[in-house]
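This is run01.cif (mmCIF, C-alpha atoms).
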```cif
data_entry
#
loop_
_atom_site.label_atom_id
_atom_site.label_comp_id
_atom_site.auth_asym_id
_atom_site.auth_seq_id
_atom_site.Cartn_x
_atom_site.Cartn_y
_atom_site.Cartn_z
CA MET N 1 -65.68 -21.01 114.25
CA GLN N 2 -65.07 -19.74 117.78
CA THR N 3 -61.37 -20.59 117.74
CA LYS N 4 -60.35 -19.41 114.26
CA LYS N 5 -58.91 -16.01 113.39
CA ILE N 6 -61.48 -13.49 112.21
CA SER N 7 -59.51 -12.70 109.02
CA LYS N 8 -59.54 -16.37 107.98
CA LEU N 9 -63.23 -16.72 108.80
CA LEU N 10 -64.01 -13.56 106.86
CA LEU N 11 -62.32 -14.94 103.76
CA LYS N 12 -63.82 -18.39 104.21
CA LEU N 13 -67.36 -17.03 104.47
CA SER N 14 -67.30 -13.91 102.29
CA VAL N 15 -65.53 -15.09 99.12
CA PRO N 16 -68.05 -17.87 98.37
CA ALA N 17 -70.92 -15.49 99.16
CA ILE N 18 -69.53 -12.89 96.75
CA VAL N 19 -69.02 -15.45 93.98
CA GLY N 20 -72.53 -16.81 94.44
CA MET N 21 -74.07 -13.35 94.42
CA LEU N 22 -72.18 -12.42 91.25
CA VAL N 23 -73.66 -15.46 89.53
CA GLN N 24 -77.12 -14.38 90.73
CA ALA N 25 -76.51 -10.86 89.39
CA PHE N 26 -75.90 -12.27 85.92
CA TYR N 27 -79.49 -13.58 85.75
CA ASN N 28 -80.88 -10.29 84.49
CA LEU N 29 -77.99 -9.77 82.11
CA VAL N 30 -78.57 -13.20 80.59
CA ASP N 31 -82.32 -12.53 80.46
CA THR N 32 -81.66 -9.29 78.60
CA ILE N 33 -79.34 -10.96 76.08
CA PHE N 34 -81.73 -13.87 75.54
CA VAL N 35 -84.76 -11.61 75.10
CA GLY N 36 -82.81 -9.31 72.79
CA HIS N 37 -81.97 -12.22 70.50
CA ALA N 38 -85.38 -13.88 70.74
CA TYR N 39 -87.41 -10.80 69.82
CA GLY N 40 -85.18 -9.43 67.07
CA ALA N 41 -86.87 -6.31 65.64
CA ASP N 42 -89.00 -5.90 68.78
CA SER N 43 -86.05 -6.34 71.13
CA VAL N 44 -86.06 -2.71 72.30
CA GLN N 45 -89.63 -3.02 73.61
CA ALA N 46 -88.98 -6.49 75.04
CA ILE N 47 -85.86 -5.33 76.91
CA GLY N 48 -87.85 -2.32 78.11
CA GLY N 49 -90.39 -4.81 79.47
CA ILE N 50 -87.66 -6.49 81.52
CA ALA N 51 -86.45 -3.14 82.82
CA VAL N 52 -89.94 -2.14 83.94
CA ALA N 53 -90.54 -5.50 85.65
CA PHE N 54 -87.17 -5.49 87.43
CA PRO N 55 -88.12 -3.26 90.42
CA ILE N 56 -91.15 -5.44 91.15
CA GLN N 57 -88.92 -8.49 91.06
CA MET N 58 -86.55 -6.74 93.48
CA VAL N 59 -89.36 -6.25 96.02
CA GLY N 60 -89.81 -10.01 96.23
CA MET N 61 -86.06 -10.46 96.49
CA ALA N 62 -85.82 -7.87 99.29
CA VAL N 63 -88.52 -9.61 101.32
CA SER N 64 -86.79 -12.97 100.88
CA LEU N 65 -83.42 -11.50 101.85
CA ALA N 66 -84.89 -9.87 104.95
CA ILE N 67 -86.44 -13.15 106.07
CA GLY N 68 -83.35 -15.19 105.23
CA ILE N 69 -80.70 -12.93 106.71
CA GLY N 70 -82.74 -12.08 109.81
CA GLY N 71 -83.58 -15.72 110.46
CA ALA N 72 -80.03 -16.85 109.75
CA SER N 73 -78.79 -14.42 112.38
CA ILE N 74 -81.16 -15.95 114.94
CA ILE N 75 -80.11 -19.47 113.94
CA SER N 76 -76.41 -18.59 114.27
CA ARG N 77 -76.95 -17.21 117.75
CA ARG N 78 -79.00 -20.25 118.83
CA MET N 79 -76.33 -22.60 117.50
CA GLY N 80 -73.67 -20.61 119.36
CA GLU N 81 -75.74 -21.02 122.53
CA LYS N 82 -76.01 -24.80 121.80
CA GLU N 83 -79.81 -24.42 121.52
CA MET N 84 -80.25 -26.72 118.52
CA LYS N 85 -83.99 -27.27 119.04
CA LYS N 86 -84.57 -23.50 118.97
CA ALA N 87 -82.41 -23.23 115.84
CA ASP N 88 -84.45 -26.00 114.18
CA LYS N 89 -87.71 -24.32 115.16
CA THR N 90 -86.45 -21.02 113.76
CA PHE N 91 -85.58 -22.75 110.49
CA SER N 92 -89.07 -24.25 110.29
CA ASN N 93 -90.56 -20.82 110.88
CA LEU N 94 -88.33 -19.36 108.16
CA ILE N 95 -89.54 -21.90 105.63
CA PHE N 96 -93.17 -21.21 106.54
CA LEU N 97 -92.68 -17.44 106.44
CA SER N 98 -90.82 -17.68 103.13
CA ILE N 99 -93.61 -19.70 101.51
CA LEU N 100 -96.37 -17.52 102.97
CA SER N 101 -94.77 -14.20 101.99
CA SER N 102 -93.89 -15.38 98.50
CA LEU N 103 -97.42 -16.67 97.92
CA LEU N 104 -98.78 -13.29 99.05
CA ILE N 105 -96.35 -11.48 96.75
CA THR N 106 -97.27 -13.78 93.86
CA GLY N 107 -101.00 -13.35 94.45
CA ALA N 108 -100.85 -9.58 94.86
CA GLY N 109 -98.44 -9.29 91.95
CA ILE N 110 -100.68 -11.25 89.59
CA TYR N 111 -103.84 -9.47 90.75
CA PHE N 112 -102.33 -5.97 90.48
CA ILE N 113 -99.87 -6.71 87.67
CA VAL N 114 -101.08 -4.12 85.15
CA PRO N 115 -101.36 -1.19 87.60
CA LEU N 116 -97.98 -2.10 89.11
CA LEU N 117 -96.28 -2.18 85.73
CA LYS N 118 -97.85 1.15 84.77
CA ILE N 119 -96.66 2.70 88.06
CA PHE N 120 -93.14 1.57 87.18
CA GLY N 121 -93.36 3.12 83.73
CA ALA N 122 -94.79 0.54 81.34
CA THR N 123 -96.12 2.17 78.18
CA ASP N 124 -98.70 0.60 75.89
CA THR N 125 -95.94 -0.79 73.65
CA ILE N 126 -93.87 -2.22 76.53
CA LEU N 127 -96.76 -3.52 78.65
CA PRO N 128 -97.31 -6.83 76.79
CA TYR N 129 -93.63 -7.72 77.14
CA SER N 130 -93.57 -6.70 80.81
CA LEU N 131 -96.65 -8.81 81.50
CA GLU N 132 -95.20 -11.87 79.82
CA TYR N 133 -91.87 -11.57 81.67
CA LEU N 134 -93.22 -10.65 85.10
CA GLU N 135 -95.84 -13.41 85.16
CA VAL N 136 -93.09 -16.02 84.79
CA ILE N 137 -91.02 -14.32 87.50
CA LEU N 138 -93.98 -14.11 89.88
CA TYR N 139 -94.87 -17.78 89.46
CA GLY N 140 -91.31 -18.69 90.40
CA THR N 141 -91.23 -16.46 93.49
CA VAL N 142 -91.85 -19.33 95.94
CA PHE N 143 -88.87 -21.29 94.65
CA PHE N 144 -86.63 -18.23 94.48
CA SER N 145 -87.58 -17.22 98.02
CA LEU N 146 -86.90 -20.68 99.42
CA ALA N 147 -83.52 -20.74 97.70
CA MET N 148 -82.54 -17.37 99.15
CA VAL N 149 -83.65 -18.32 102.66
CA THR N 150 -81.91 -21.70 102.67
CA ASN N 151 -78.73 -20.13 101.26
CA ALA N 152 -78.69 -17.59 104.08
CA VAL N 153 -79.15 -20.39 106.62
CA ALA N 154 -76.35 -22.44 105.02
CA ARG N 155 -74.03 -19.44 105.33
CA SER N 156 -75.09 -18.92 108.96
CA GLU N 157 -74.03 -22.48 109.72
CA GLY N 158 -70.61 -21.83 108.22
CA ASN N 159 -71.39 -23.63 104.94
CA ALA N 160 -70.72 -20.72 102.60
CA LYS N 161 -69.43 -23.03 99.87
CA VAL N 162 -72.68 -25.01 99.89
CA ALA N 163 -74.62 -21.76 99.40
CA MET N 164 -72.24 -20.64 96.65
CA ASN N 165 -72.45 -23.98 94.82
CA SER N 166 -76.24 -24.02 94.92
CA MET N 167 -76.38 -20.47 93.52
CA MET N 168 -73.90 -21.38 90.80
CA MET N 169 -75.83 -24.54 89.84
CA SER N 170 -79.08 -22.64 89.55
CA GLY N 171 -77.37 -20.01 87.40
CA GLY N 172 -75.75 -22.51 85.08
#
```

I need this file expressed as structure tokens, please.
Amino acid sequence: MQTKKISKLLLKLSVPAIVGMLVQAFYNLVDTIFVGHAYGADSVQAIGGIAVAFPIQMVGMAVSLAIGIGGASIISRRMGEKEMKKADKTFSNLIFLSILSSLLITGAGIYFIVPLLKIFGATDTILPYSLEYLEVILYGTVFFSLAMVTNAVARSEGNAKVAMNSMMMSGG
């Protein structure tokens, strides 16, 4: 990567990242369509439940992105310095931090789920749908966090296509 033109590197690394992130962005759209069809007459309330739960889901995503992107930056610099043991140690710390933070988010989210949903606007009619949706999301936070962190690390190593393919497979 040190000898290639920046424009070629930018395309090589950014296009797969953009494609992968677009696939990830379709998750909520697909959820909305699926829930709309599954609940029929109650679809307005069910889709409202998704909308209320979405900001809480984004908090977990933001924490995972911060850990992944920050750690990937450190790993890239260590690899550039030919400090592979430090890069490996950083990766191990990222995995631990990802699991720990996602377990804390899951625990706090489950414990405070009703007050959180009400803060974000859940009404009495939307609350049951929000609860049902957000519980599933929260229980998957560990896996989602690990995927985001490892994708950031793959991109930092110059393997943007690996990250894109893994995001596309999980979205398919």

Range 59-66 of chain N surroundings by only C-alpha atoms, 7 Å radius, close-in-sequence under 3 positions cut, as a tab-separated table (two decimals) with C-alpha atoms, keeping the file's coordinate frame:
```
chain	number	residue	atom	x	y	z
N	55	PRO	CA	-88.12	-3.26	90.42
N	56	ILE	CA	-91.15	-5.44	91.15
N	69	ILE	CA	-80.70	-12.93	106.71
N	70	GLY	CA	-82.74	-12.08	109.81
N	98	SER	CA	-90.82	-17.68	103.13
N	105	ILE	CA	-96.35	-11.48	96.75
N	145	SER	CA	-87.58	-17.22	98.02
N	148	MET	CA	-82.54	-17.37	99.15
N	149	VAL	CA	-83.65	-18.32	102.66
```

Practice task
On this file, the PyMOL selection byres ((chain N and resi 107) around 12) gives some set of residues; write that set as a PyMOL selection string.
Solution key: chain N and resi 60+100-106+108-113+135+138-142

Practice task
Could you tell me which of N:Glu157, N:Thr123, N:Ile50, N:Lys82 comes closest to Ile137 in chain N if we count only C-alpha atoms?
Solution key: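 The closest residue to Ile137 in chain N is N:Ile50.
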
Handout entry: Residue with smallest distance to Lys118 in chain N - pool N:Ala53, N:Val19, N:Leu97, N:Ala38, counting all atoms listed in the file
Key =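 Among N:Ala53, N:Val19, N:Leu97, N:Ala38, it is N:Ala53 that comes nearest to Lys118 in chain N.
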
Problem - Straight-line distance linking CA of Leu10 in chain N with CA of Asn159 in chain N, stated in Å to one decimal - result: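 Distance reported for this atom pair: 12.6 Å.
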
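Residues matched by the PyMOL selection byres ((chain N and resi 131) around 8) in this structure: Gly49, Ile113, Val114, Leu117, Leu127, Pro128, Tyr129, Ser130, Glu132, Tyr133, Leu134 and Glu135 of chain N.
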
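Compared by their closest atoms to Gly158 in chain N, and using all atoms listed in the file, the residues N:Gly80, N:Gly48, N:Gly68, N:Gly40 rank with N:Gly80 nearest.
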
Exercise for the section: Rounded to one decimal place, report the CA of Val52 in chain N-CA of Gly36 in chain N distance in Å. Expected result: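 Separating CA of Val52 in chain N from CA of Gly36 in chain N is a distance of 15.1 Å.
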
Practice task
Quote the spacing between CA of Arg78 in chain N and CA of Lys12 in chain N in Å to one decimal place.
Solution key: 21.2 Å

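Here the PyMOL selection byres ((chain N and resi 74) around 12) catches exactly these residues: Ile67, Gly68, Ile69, Gly70, Gly71, Ala72, Ser73, Ile75, Ser76, Arg77, Arg78, Met79, Gly80, Glu81, Glu83, Met84, Lys86, Ala87, Asp88, Lys89, Thr90, Phe91, Asn93, Leu94, Ala152, Val153, Ser156 and Glu157 of chain N.
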
Exercise for the section: Between N:Ile119, N:Ala154, N:Ile126, N:Val15, single out the one closest to Gln45 in chain N, counting only C-alpha atoms. Expected result: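 The closest residue to Gln45 in chain N is N:Ile126.
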